[in-house]
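Asker: So I've got this file, model-v1.txt, and it contains compact mmCIF, C-alpha atoms:
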# COMPACT_ATOMS: atom_id res chain seq x y z
CA MET A 1 122.24 84.70 88.39
CA SER A 2 125.37 85.57 90.38
CA ASP A 3 126.55 83.67 93.46
CA HIS A 4 126.58 87.01 95.27
CA VAL A 5 122.84 87.38 94.82
CA ARG A 6 122.19 83.73 95.70
CA LYS A 7 124.01 84.19 99.03
CA LEU A 8 122.65 87.58 100.11
CA SER A 9 119.01 87.63 98.97
CA SER A 10 116.52 86.02 101.33
CA PRO A 11 113.18 84.73 100.01
CA ASP A 12 111.35 87.58 101.76
CA GLU A 13 113.67 90.20 100.26
CA LEU A 14 113.34 88.73 96.78
CA ALA A 15 109.55 88.78 97.18
CA ARG A 16 109.67 92.47 98.15
CA ILE A 17 111.89 93.32 95.20
CA ALA A 18 109.64 91.47 92.76
CA GLN A 19 106.55 93.24 94.10
CA GLU A 20 108.29 96.62 93.90
CA LEU A 21 109.36 95.95 90.34
CA TYR A 22 105.85 94.90 89.31
CA VAL A 23 104.35 98.10 90.77
CA TYR A 24 107.08 100.13 89.06
CA ALA A 25 106.54 98.54 85.63
CA TYR A 26 102.74 98.15 85.76
CA PRO A 27 101.91 101.46 83.99
CA LEU A 28 104.47 100.75 81.25
CA VAL A 29 103.06 97.30 80.45
CA LEU A 30 99.46 98.58 80.66
CA MET A 31 100.27 101.42 78.28
CA ASP A 32 101.85 99.04 75.78
CA VAL A 33 98.88 96.65 75.82
CA THR A 34 96.50 99.60 75.49
CA ARG A 35 98.48 100.86 72.49
CA ARG A 36 98.37 97.46 70.82
CA VAL A 37 94.62 97.11 71.34
CA THR A 38 93.57 100.63 70.34
CA THR A 39 95.76 100.75 67.22
CA ASN A 40 94.86 97.26 65.98
CA THR A 41 92.81 98.46 63.02
CA GLU A 42 93.19 99.03 59.30
CA GLN A 43 91.51 102.42 59.61
CA PRO A 44 93.62 105.60 59.52
CA GLN A 45 95.10 106.27 62.93
CA GLY A 46 93.64 108.91 65.21
CA VAL A 47 90.29 109.10 67.02
CA ARG A 48 87.83 111.97 67.17
CA ALA A 49 84.92 112.35 69.54
CA PRO A 50 82.99 115.43 70.69
CA LEU A 51 85.47 115.93 73.52
CA TYR A 52 88.48 113.65 72.93
CA SER A 53 91.20 113.32 70.29
CA SER A 54 93.52 110.34 70.70
CA LEU A 55 96.87 109.81 68.98
CA TRP A 56 99.66 107.30 69.59
CA LEU A 57 103.09 108.64 68.62
CA ASP A 58 106.13 106.67 67.48
CA VAL A 59 109.19 108.93 67.56
CA THR A 60 111.82 106.20 67.56
CA SER A 61 112.98 106.99 64.02
CA GLU A 62 112.15 110.65 63.50
CA PRO A 63 110.24 113.52 65.13
CA LEU A 64 106.52 113.98 64.67
CA VAL A 65 105.14 117.45 64.03
CA ILE A 66 101.83 118.25 65.72
CA SER A 67 100.06 121.27 64.26
CA VAL A 68 97.26 122.98 66.15
CA PRO A 69 94.85 125.48 64.61
CA ASP A 70 93.66 128.67 66.26
CA SER A 71 90.79 127.65 68.57
CA TRP A 72 89.53 131.24 68.79
CA GLY A 73 89.48 131.17 72.56
CA ARG A 74 87.94 127.71 72.90
CA TYR A 75 89.47 125.72 75.76
CA TYR A 76 91.47 122.66 74.78
CA LEU A 77 94.19 120.49 76.26
CA LEU A 78 96.66 118.22 74.44
CA PRO A 79 98.52 116.30 77.16
CA LEU A 80 101.36 114.09 75.97
CA LEU A 81 102.09 111.03 78.10
CA ASP A 82 105.26 109.01 77.87
CA MET A 83 105.03 105.23 78.17
CA TRP A 84 105.41 105.47 81.95
CA THR A 85 102.17 107.58 82.00
CA ASP A 86 103.99 110.77 83.00
CA VAL A 87 102.71 113.90 81.25
CA PHE A 88 105.84 115.49 79.78
CA ALA A 89 104.04 118.34 78.00
CA ALA A 90 100.50 119.70 77.94
CA PRO A 91 99.99 122.28 75.18
CA GLY A 92 96.65 124.00 75.43
CA ALA A 93 94.73 127.02 76.59
CA ARG A 94 96.24 127.04 80.09
CA THR A 95 99.88 126.64 79.08
CA THR A 96 100.38 127.89 75.52
CA GLY A 97 97.24 129.86 74.70
CA THR A 98 94.77 129.30 71.87
CA ASP A 99 96.60 130.75 68.84
CA GLU A 100 97.82 128.56 65.98
CA GLN A 101 100.95 126.63 66.96
CA ALA A 102 103.20 123.73 65.91
CA TYR A 103 105.43 121.37 67.88
CA ALA A 104 108.03 118.80 66.94
CA VAL A 105 107.94 115.87 69.35
CA THR A 106 111.43 114.34 69.33
CA GLY A 107 112.49 110.96 70.67
CA PRO A 108 115.04 110.36 73.44
CA GLY A 109 117.89 109.61 71.04
CA TRP A 110 117.18 112.17 68.32
CA ARG A 111 119.82 114.72 67.40
CA GLY A 112 119.29 117.30 64.71
CA ARG A 113 118.07 120.77 63.82
CA LEU A 114 114.43 121.70 63.46
CA PRO A 115 113.03 124.12 60.86
CA ALA A 116 112.25 127.61 62.04
CA GLY A 117 108.84 127.96 63.61
CA LEU A 118 108.80 124.54 65.28
CA GLU A 119 109.05 124.30 69.03
CA GLU A 120 110.75 121.12 70.23
CA ILE A 121 109.07 118.90 72.80
CA ARG A 122 111.43 116.11 73.81
CA CYS A 123 109.71 112.83 74.60
CA PRO A 124 111.48 110.66 77.22
CA THR A 125 110.31 107.44 75.52
CA GLY A 126 110.10 106.16 71.96
CA MET A 127 106.33 105.92 72.10
CA ALA A 128 103.83 108.37 73.55
CA TRP A 129 100.11 108.97 73.81
CA MET A 130 98.27 112.24 73.24
CA ILE A 131 94.77 112.37 74.74
CA GLY A 132 93.35 115.71 73.62
CA ARG A 133 90.31 117.31 75.21
CA THR A 134 88.29 120.06 73.54
CA GLN A 135 85.56 122.01 75.25
CA THR A 136 82.09 121.43 73.86
CA ASN A 137 78.92 123.21 74.89
CA GLY A 138 76.53 120.40 74.05
CA PRO A 139 75.42 118.54 70.90
CA SER A 140 74.63 121.75 69.04
CA ASP A 141 78.32 122.69 69.42
CA TYR A 142 79.76 119.41 68.11
CA GLU A 143 80.18 120.72 64.56
CA ASN A 144 82.38 123.57 65.81
CA VAL A 145 84.43 121.17 67.91
CA HIS A 146 84.90 118.86 64.94
CA LYS A 147 86.17 121.77 62.84
CA PHE A 148 88.87 122.41 65.41
CA GLN A 149 89.70 118.70 65.63
CA ALA A 150 89.93 118.48 61.85
CA GLY A 151 92.68 121.09 62.00
CA LEU A 152 94.81 118.97 64.34
CA THR A 153 97.48 117.21 62.26
CA ALA A 154 100.40 114.90 63.00
CA THR A 155 103.09 114.68 60.32
CA PRO A 156 106.53 113.00 60.28
CA LEU A 157 109.20 115.67 60.14
CA SER A 158 110.42 114.35 56.78
CA ARG A 159 106.97 115.06 55.31
CA TRP A 160 106.29 118.33 57.08
CA GLY A 161 105.87 121.20 54.68
CA ASP A 162 104.68 119.12 51.72
CA GLY A 163 101.16 118.65 53.02
CA GLY A 164 101.89 115.41 54.84
CA GLY A 165 99.62 113.31 52.64
CA GLU A 166 96.86 111.07 53.90
CA PRO A 167 97.16 109.58 57.41
CA PRO A 168 98.76 106.12 57.26
CA HIS A 169 96.45 103.16 57.54
CA GLY A 170 96.91 100.86 60.47
CA ARG A 171 97.63 97.16 60.42
CA PHE A 172 95.17 94.65 61.79
CA ASP A 173 96.71 91.71 63.63
CA PRO A 174 94.11 88.93 63.96
CA GLY A 175 96.21 87.36 66.69
CA GLN A 176 96.06 90.42 68.94
CA GLU A 177 93.85 89.82 71.98
CA MET A 178 91.27 92.61 72.05
CA GLY A 179 89.97 92.30 75.59
CA ALA A 180 90.25 95.05 78.18
CA PRO A 181 93.95 95.95 78.57
CA ALA A 182 93.83 95.97 82.37
CA VAL A 183 92.34 92.47 82.36
CA GLN A 184 95.02 91.28 79.96
CA VAL A 185 97.80 92.62 82.15
CA ALA A 186 96.29 91.15 85.31
CA ALA A 187 96.18 87.75 83.60
CA MET A 188 99.92 87.76 82.81
CA SER A 189 102.15 85.41 84.77
CA GLY A 190 105.06 86.95 86.65
CA PRO A 191 107.70 85.76 84.15
CA ALA A 192 105.59 86.94 81.19
CA PHE A 193 104.99 90.35 82.78
CA PHE A 194 108.65 91.01 83.59
CA ALA A 195 109.79 89.74 80.18
CA ALA A 196 107.34 92.12 78.51
CA ALA A 197 108.47 95.04 80.68
CA ALA A 198 112.14 94.44 79.90
CA ALA A 199 111.43 94.24 76.17
CA ILE A 200 109.32 97.41 76.13
CA MET A 201 112.12 99.32 77.87
CA ALA A 202 114.44 98.74 74.90
CA GLU A 203 112.85 101.70 73.09
CA ASN A 204 111.15 103.31 76.09
CA PRO A 205 113.95 103.89 78.58
CA PRO A 206 113.43 104.36 82.30
CA HIS A 207 113.52 107.84 83.78
CA LEU A 208 116.79 109.12 85.20
CA THR A 209 115.30 109.00 88.70
CA ASP A 210 114.65 105.24 88.44
CA THR A 211 118.22 104.13 89.12
CA SER A 212 117.56 102.83 92.64
CA VAL A 213 114.61 100.60 91.78
CA LEU A 214 116.48 99.19 88.79
CA GLN A 215 119.57 98.47 90.87
CA ARG A 216 117.42 96.39 93.22
CA ALA A 217 115.77 94.72 90.22
CA ARG A 218 119.15 93.31 89.16
CA GLN A 219 118.80 90.85 92.02
CA LEU A 220 116.00 89.28 90.00
CA GLY A 221 118.13 89.19 86.88
CA PHE A 222 116.10 92.07 85.43
CA ARG A 223 117.79 94.61 83.15
CA PRO A 224 116.01 97.07 80.82
CA GLY A 225 116.08 95.99 77.21
CA GLN A 226 117.56 92.56 77.91
CA PRO A 227 115.78 89.19 77.82
CA PHE A 228 114.32 88.13 81.16
CA ASP A 229 114.97 84.42 81.61
CA LEU A 230 114.54 82.38 84.79
CA ALA A 231 115.62 79.06 83.30
CA ASP A 232 118.57 78.60 85.66
CA ALA A 233 117.30 80.75 88.54
CA PRO A 234 116.99 79.29 92.06
CA ARG A 235 113.58 78.26 93.34
CA ARG A 236 113.22 81.19 95.77
CA LEU A 237 113.73 83.67 92.94
CA ARG A 238 111.22 81.94 90.66
CA ASP A 239 108.73 81.84 93.53
CA ALA A 240 109.16 85.59 94.10
CA VAL A 241 108.49 86.33 90.44
CA ASP A 242 105.53 83.93 90.27
CA ASN A 243 103.89 85.50 93.33
CA ALA A 244 104.57 89.12 92.42
CA PRO A 245 101.45 89.84 90.29
CA ALA A 246 98.88 88.88 92.94
CA ALA A 247 100.71 90.64 95.76
CA ALA A 248 101.41 93.80 93.74
CA LEU A 249 97.90 94.14 92.30
CA ALA A 250 96.46 93.77 95.80
CA ALA A 251 98.79 96.51 97.04
CA ILE A 252 97.81 98.78 94.15
CA LYS A 253 94.09 98.42 94.84
CA ALA A 254 94.59 98.83 98.60
CA ALA A 255 96.30 102.18 98.02
CA LEU A 256 93.09 103.96 96.96
CA PRO A 257 91.77 104.82 100.45
CA ARG A 258 95.13 106.38 101.28
CA SER A 259 95.48 108.28 98.02
CA GLY A 260 93.82 111.47 99.21
CA LEU A 261 91.34 113.03 101.59
CA LEU A 262 87.71 111.95 101.95
CA VAL A 263 85.71 115.19 102.30
CA ASN A 264 81.91 115.17 102.56
CA ASN A 265 82.12 111.60 101.19
CA TRP A 266 83.91 112.83 98.08
CA GLN A 267 87.20 111.06 97.37
CA MET A 268 89.71 113.82 96.65
CA VAL A 269 92.70 112.07 95.06
CA SER A 270 95.68 114.30 95.74
CA SER A 271 99.00 114.92 94.01
CA PRO A 272 101.03 113.46 92.52
CA ILE A 273 98.84 112.84 89.49
CA GLY A 274 100.06 113.08 85.91
CA THR A 275 103.68 113.50 86.99
CA TYR A 276 104.83 111.10 89.70
CA GLY A 277 108.56 111.25 90.33
CA THR A 278 109.41 108.08 92.25
CA ASP A 279 105.93 107.56 93.76
CA TYR A 280 105.54 104.34 91.81
CA LEU A 281 102.59 103.05 93.84
CA LYS A 282 100.58 106.21 93.18
CA ARG A 283 101.47 106.02 89.49
CA ALA A 284 100.30 102.40 89.31
CA LEU A 285 97.09 103.21 91.19
CA ILE A 286 96.16 106.04 88.83
CA ALA A 287 96.97 103.87 85.79
CA ASN A 288 94.72 101.14 87.19
CA MET A 289 91.88 103.57 88.01
CA GLY A 290 91.99 105.65 84.86
CA LEU A 291 94.88 105.40 82.45
CA GLY A 292 95.89 108.75 80.98
CA ALA A 293 95.33 111.11 83.92
CA ASN A 294 96.16 114.80 83.66
CA PRO A 295 98.26 116.79 86.13
CA VAL A 296 96.05 118.39 88.76
CA GLU A 297 96.83 121.83 87.35
CA ASP A 298 94.82 120.84 84.26
CA ALA A 299 92.02 118.77 85.76
CA ILE A 300 90.79 117.11 88.95
CA TYR A 301 88.05 114.52 89.29
CA PRO A 302 86.49 114.26 92.77
CA THR A 303 84.41 111.08 93.09
CA ALA A 304 81.25 110.85 95.22
CA VAL A 305 81.47 107.53 97.05
CA ALA A 306 78.37 107.93 99.28
CA ASP A 307 75.71 110.43 100.29
CA GLY A 308 76.13 112.91 103.13
CA ASP A 309 75.11 110.27 105.67
CA GLY A 310 77.62 107.76 104.39
CA ARG A 311 75.06 105.55 102.64
CA PRO A 312 75.63 104.23 99.08
CA PHE A 313 73.71 106.03 96.36
CA ASP A 314 70.44 104.30 95.43
CA SER A 315 68.51 105.24 92.28
CA ALA A 316 65.24 104.67 94.15
CA ARG A 317 65.97 107.75 96.27
CA ARG A 318 66.08 111.49 95.53
CA TYR A 319 69.15 113.62 96.24
CA LEU A 320 70.13 117.28 96.34
CA MET A 321 73.56 118.81 95.82
CA HIS A 322 73.51 122.38 97.15
CA PHE A 323 76.24 124.92 96.41
CA ASP A 324 76.28 127.99 98.63
CA PRO A 325 76.60 131.37 96.86
CA GLY A 326 79.97 131.62 95.14
CA GLN A 327 80.85 128.00 95.95
CA THR A 328 80.30 126.27 92.62
CA PRO A 329 83.45 124.46 91.43
CA PRO A 330 86.17 127.12 90.96
CA VAL A 331 87.62 126.76 87.45
CA ASP A 332 89.07 128.85 84.66
CA ALA A 333 87.69 126.47 81.99
CA PHE A 334 84.55 124.49 82.90
CA TRP A 335 83.10 121.98 85.36
CA SER A 336 80.56 119.18 85.16
CA LEU A 337 78.95 116.45 87.26
CA THR A 338 78.71 113.07 85.50
CA MET A 339 76.47 110.12 86.36
CA TYR A 340 77.60 106.47 86.17
CA ASP A 341 75.54 103.32 86.72
CA ARG A 342 76.70 100.21 88.56
CA ARG A 343 78.77 99.19 85.50
CA GLN A 344 80.54 102.57 85.52
CA LEU A 345 78.80 103.43 82.25
CA PHE A 346 76.52 106.32 81.34
CA ALA A 347 72.98 105.82 82.61
CA ALA A 348 70.30 105.85 79.90
CA ASN A 349 67.51 108.31 80.69
CA GLN A 350 64.51 110.01 79.12
CA ILE A 351 66.24 113.32 78.35
CA GLY A 352 69.61 111.91 77.22
CA ARG A 353 71.51 113.86 79.86
CA PHE A 354 74.59 112.14 81.29
CA ALA A 355 76.29 115.15 82.86
CA ILE A 356 75.36 118.62 84.01
CA GLY A 357 77.54 121.65 84.56
CA ASP A 358 78.31 125.29 83.98
CA ARG A 359 77.77 125.06 80.21
CA ASP A 360 74.12 124.15 80.79
CA ALA A 361 71.32 126.63 81.32
CA LEU A 362 71.33 126.21 85.10
CA GLN A 363 68.81 128.14 87.18
CA PHE A 364 70.31 129.73 90.28
CA ASN A 365 68.34 130.54 93.41
CA ALA A 366 67.52 134.11 94.41
CA ASP A 367 70.54 134.24 96.71
CA GLU A 368 72.85 132.98 93.91
CA SER A 369 73.13 129.51 95.45
CA LEU A 370 72.69 126.50 93.20
CA ASP A 371 70.73 123.26 93.64
CA LEU A 372 71.31 120.18 91.49
CA HIS A 373 68.56 117.56 91.63
CA ILE A 374 69.68 113.95 91.31
CA CYS A 375 66.91 111.40 90.82
CA ARG A 376 65.54 109.01 88.22
CA GLU A 377 62.18 110.77 87.75
CA SER A 378 61.89 114.39 86.66
CA PRO A 379 61.75 116.81 89.61
CA GLY A 380 59.19 118.84 87.64
CA GLU A 381 59.33 121.19 84.69
CA VAL A 382 60.51 124.15 86.76
CA LEU A 383 63.47 122.23 88.18
CA GLU A 384 64.32 120.14 85.12
CA SER A 385 67.08 122.51 83.98
CA ASN A 386 69.02 121.48 87.10
CA TRP A 387 68.23 117.75 86.92
CA LEU A 388 70.88 115.03 86.59
CA PRO A 389 68.97 111.79 85.91
CA ALA A 390 69.91 108.73 87.96
CA PRO A 391 69.80 105.18 86.52
CA ALA A 392 66.46 103.41 86.25
CA GLU A 393 67.54 101.08 89.04
CA GLY A 394 70.43 100.07 91.23
CA PRO A 395 73.39 101.92 92.74
CA PHE A 396 75.33 104.71 91.05
CA THR A 397 78.35 106.94 91.47
CA MET A 398 79.16 110.46 90.32
CA ASN A 399 82.31 112.31 89.28
CA LEU A 400 82.93 116.03 89.29
CA ARG A 401 85.26 117.25 86.57
CA LEU A 402 87.09 120.52 87.08
CA TYR A 403 89.15 121.63 84.07
CA TRP A 404 91.80 124.27 84.77
CA PRO A 405 90.96 124.31 88.48
CA ARG A 406 91.76 127.43 90.46
CA PRO A 407 94.22 127.31 93.37
CA GLU A 408 91.51 126.97 96.01
CA ALA A 409 90.38 123.72 94.39
CA LEU A 410 93.92 122.33 94.68
CA ASP A 411 94.99 123.47 98.15
CA GLY A 412 91.89 122.37 100.07
CA ARG A 413 90.19 125.74 100.55
CA TRP A 414 87.29 124.51 98.35
CA HIS A 415 85.70 121.09 98.37
CA PRO A 416 82.44 119.66 96.98
CA PRO A 417 79.39 119.83 99.22
CA ALA A 418 77.78 116.66 100.49
CA VAL A 419 75.02 115.11 98.39
CA ARG A 420 71.96 114.84 100.65
CA ALA A 421 69.02 112.45 100.39
CA THR A 422 65.75 114.42 100.41
CA ASP A 423 63.24 111.57 100.90
With the file now loaded, output its structure as structure tokens.
Answerer:
Amino acid sequence: MSDHVRKLSSPDELARIAQELYVYAYPLVLMDVTRRVTTNTEQPQGVRAPLYSSLWLDVTSEPLVISVPDSWGRYYLLPLLDMWTDVFAAPGARTTGTDEQAYAVTGPGWRGRLPAGLEEIRCPTGMAWMIGRTQTNGPSDYENVHKFQAGLTATPLSRWGDGGGEPPHGRFDPGQEMGAPAVQVAAMSGPAFFAAAAAIMAENPPHLTDTSVLQRARQLGFRPGQPFDLADAPRRLRDAVDNAPAAALAAIKAALPRSGLLVNNWQMVSSPIGTYGTDYLKRALIANMGLGANPVEDAIYPTAVADGDGRPFDSARRYLMHFDPGQTPPVDAFWSLTMYDRRQLFAANQIGRFAIGDRDALQFNADESLDLHICRESPGEVLESNWLPAPAEGPFTMNLRLYWPRPEALDGRWHPPAVRATD
């Protein structure tokens, strides 16, 4: 630590710098822990589900070729997130269409020529995460979705063209903690967190716009890719680093009420999402709330925090969500309303329905308005097509999902209607 820093940095200033640096690096460290947990298996890498396809990419040594089959008009989205959680590319129906296509994801230091027919996507970091979404129209459609997912391939450039071979098996590390990544990060001490962040940056460099925050971080002895060691640091610096996690995590959580408008008791989290520039607090908040968020142009997720009267949702009550004619969620892909219990998990129910939306056989009213019935007991056979079951007991929350939202859903001209109690 230089004498210059010792003379000019007050304890309060060092505390501010340490908190800023923690907020800045939080998504990076959370991404790395998430990668370690989700890839700690001997099974072949890659995850398929009816809607999601997950792939961690390592492009530190050579490019990775991602091949996508023709989806025959089916909506899909393949967002690629760098290790700072910024979406640097989002191939899919909205951006690149649904024909067959192939991309070579190249690392930040790669130089070379690609074979004809491959479009380059340059990744700002050595590692990346693809969280693909594929439209499904219910369980009867899963087989078709899985056929499309089976056509998604990731092949090292050196193997591209020879069939690629079988996907590599992972490596299981019995010493890897497998608890929730966010909990693991929150449990890190300040020195451990900053040491991890500096090490991760060796192959996952900061963005070009991060110069200012990193210049301030030098006052803590922090430099990307270099060991972070406080052995000979003065007490006020060590105190700032020790206290940074609690102060920064509190600031991240406190940012939610200011992250967007509250309209009809729906929390409308506004831009930036998915690409953040230097809004490091917003980036950390989104990572903490839901790691892997899309840009708003691809998807938005309004959250119902209370009913129309401002009261928390209670599964003992009955609710109605009424859309006036022409006021259902405006999208070019699809929309849905999803139910979560007090644990933020799907709520078990007698018809196995956890979400409802425009891919269901909804019954509209005579004037083309739409009513969704939200309650734990069936509203009756006639209304059951429009029923979203609530949990058997306790509070609940709901999320709207709008994929490929239209401009009016992004600029405030449209917003979800209030959910009204009817009993």
Asker: Tell me, as a tab-separated table (two decimals) with C-alpha atoms, in the coordinates of the input, which residues lie within 8 Å of region 186-201 of chain A, counting only C-alpha atoms; anything in the same chain fewer than 6 positions away does not count.
Answerer:
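Output saved as around-v2.tsv:
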chain	number	residue	atom	x	y	z
A	22	TYR	CA	105.85	94.90	89.31
A	25	ALA	CA	106.54	98.54	85.63
A	28	LEU	CA	104.47	100.75	81.25
A	29	VAL	CA	103.06	97.30	80.45
A	32	ASP	CA	101.85	99.04	75.78
A	222	PHE	CA	116.10	92.07	85.43
A	223	ARG	CA	117.79	94.61	83.15
A	224	PRO	CA	116.01	97.07	80.82
A	225	GLY	CA	116.08	95.99	77.21
A	226	GLN	CA	117.56	92.56	77.91
A	227	PRO	CA	115.78	89.19	77.82
A	228	PHE	CA	114.32	88.13	81.16
A	229	ASP	CA	114.97	84.42	81.61
A	230	LEU	CA	114.54	82.38	84.79
A	241	VAL	CA	108.49	86.33	90.44
A	242	ASP	CA	105.53	83.93	90.27
A	243	ASN	CA	103.89	85.50	93.33
A	244	ALA	CA	104.57	89.12	92.42
A	245	PRO	CA	101.45	89.84	90.29
A	249	LEU	CA	97.90	94.14	92.30
Asker: Give me the residues near Val269 (chain A) as number ranges by chain, where near means some atom within 7 Å (using only C-alpha atoms) and where sequence neighbours in that chain fewer than 4 positions away do not count.
Answerer: A: 259-261, 302
Asker: So what do you get for CA of Ala233 (chain A) versus CA of Val185 (chain A), distance-wise?
Answerer: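 It comes out at 23.7 Å.
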Asker: A:Trp72, A:Trp160, A:Tyr142, A:Phe148: which is nearest Ala102 (chain A), counting only C-alpha atoms?
Answerer: A:Trp160
Asker: Choose the residue, out of A:Leu281, A:Leu81, A:Val419, A:Ile121, that has the smallest atom-to-atom separation from Asn264 (chain A); count all atoms listed in the file.
Answerer: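 Of A:Leu281, A:Leu81, A:Val419, A:Ile121, the one nearest Asn264 (chain A), counting all atoms listed in the file, is A:Val419.
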Asker: Between A:Arg413, A:Arg343, A:Arg36, A:Arg406, single out the one closest to Glu177 (chain A), counting only C-alpha atoms.
Answerer: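 Distance minimum relative to Glu177 (chain A) lands on A:Arg36.
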Asker: Rounded to one decimal place, report the CA of Asn365 (chain A)-CA of Arg311 (chain A) distance in Å.
Answerer: 27.5 Å
Asker: Point out the residue among A:Pro329, A:Gly292, A:Gly380, A:Pro389 with the least atom-to-atom distance to Arg35 (chain A), counting all atoms listed in the file.
Answerer: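 Among A:Pro329, A:Gly292, A:Gly380, A:Pro389, it is A:Gly292 that comes nearest to Arg35 (chain A).
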Asker: Report the distance between CA of Asp367 (chain A) and CA of Leu383 (chain A) in Å, rounded to one decimal place.
Answerer: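 Result for CA of Asp367 (chain A) versus CA of Leu383 (chain A): 16.3 Å, one decimal.
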Asker: Which of these residues is nearest to Asn204 (chain A), using only C-alpha atoms: A:Leu370, A:Val145, A:Met31, A:Leu78?
Answerer: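 Going through A:Leu370, A:Val145, A:Met31, A:Leu78 one by one, the smallest distance to Asn204 (chain A) is for A:Met31.
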Asker: Find the residues around Asn399 (chain A) up to 6 Å (only C-alpha atoms counted), leave out those fewer than 5 positions away in its own chain, and share them as a ChimeraX atom specification.
Answerer: /A:302-303,337-338
Asker: With all atoms listed in the file as the basis for distance, which of A:Thr153, A:Ser271, A:Asn349, A:Ser212 is at the shortest distance from Ser53 (chain A)?
Answerer: A:Thr153
Asker: Tell me, as a short mmCIF file (atom, residue, chain, number, x, y, z; two decimals) with C-alpha atoms, in the coordinates of the input, which residues lie within 9 Å of region 214-217 of chain A, counting all atoms listed in the file; anything in the same chain fewer than 3 positions away does not count.
Answerer:
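Output file result_7.cif is given in full below:
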data_model
loop_
_atom_site.label_atom_id
_atom_site.label_comp_id
_atom_site.auth_asym_id
_atom_site.auth_seq_id
_atom_site.Cartn_x
_atom_site.Cartn_y
_atom_site.Cartn_z
CA ILE A 17 111.89 93.32 95.20
CA ALA A 18 109.64 91.47 92.76
CA GLU A 20 108.29 96.62 93.90
CA LEU A 21 109.36 95.95 90.34
CA PRO A 206 113.43 104.36 82.30
CA ASP A 210 114.65 105.24 88.44
CA THR A 211 118.22 104.13 89.12
CA LEU A 220 116.00 89.28 90.00
CA GLY A 221 118.13 89.19 86.88
CA PHE A 222 116.10 92.07 85.43
CA ARG A 223 117.79 94.61 83.15
CA PRO A 224 116.01 97.07 80.82
#
Asker: Please provide the set of residues having any atom within 8 Å of Leu64 (chain A), restricted to only C-alpha atoms, with same-chain residues fewer than 2 positions apart removed, written as a PDB file with C-alpha atoms, keeping the file's coordinate frame.
Answerer:
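Result file is part_12.pdb:
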ATOM      1  CA  LEU A  57     103.090 108.640  68.620  1.00  0.00           C
ATOM      2  CA  ASP A  58     106.130 106.670  67.480  1.00  0.00           C
ATOM      3  CA  VAL A  59     109.190 108.930  67.560  1.00  0.00           C
ATOM      4  CA  GLU A  62     112.150 110.650  63.500  1.00  0.00           C
ATOM      5  CA  ILE A  66     101.830 118.250  65.720  1.00  0.00           C
ATOM      6  CA  ALA A 104     108.030 118.800  66.940  1.00  0.00           C
ATOM      7  CA  VAL A 105     107.940 115.870  69.350  1.00  0.00           C
ATOM      8  CA  THR A 106     111.430 114.340  69.330  1.00  0.00           C
ATOM      9  CA  ALA A 154     100.400 114.900  63.000  1.00  0.00           C
ATOM     10  CA  THR A 155     103.090 114.680  60.320  1.00  0.00           C
ATOM     11  CA  PRO A 156     106.530 113.000  60.280  1.00  0.00           C
ATOM     12  CA  LEU A 157     109.200 115.670  60.140  1.00  0.00           C
TER      13      LEU A 157
END
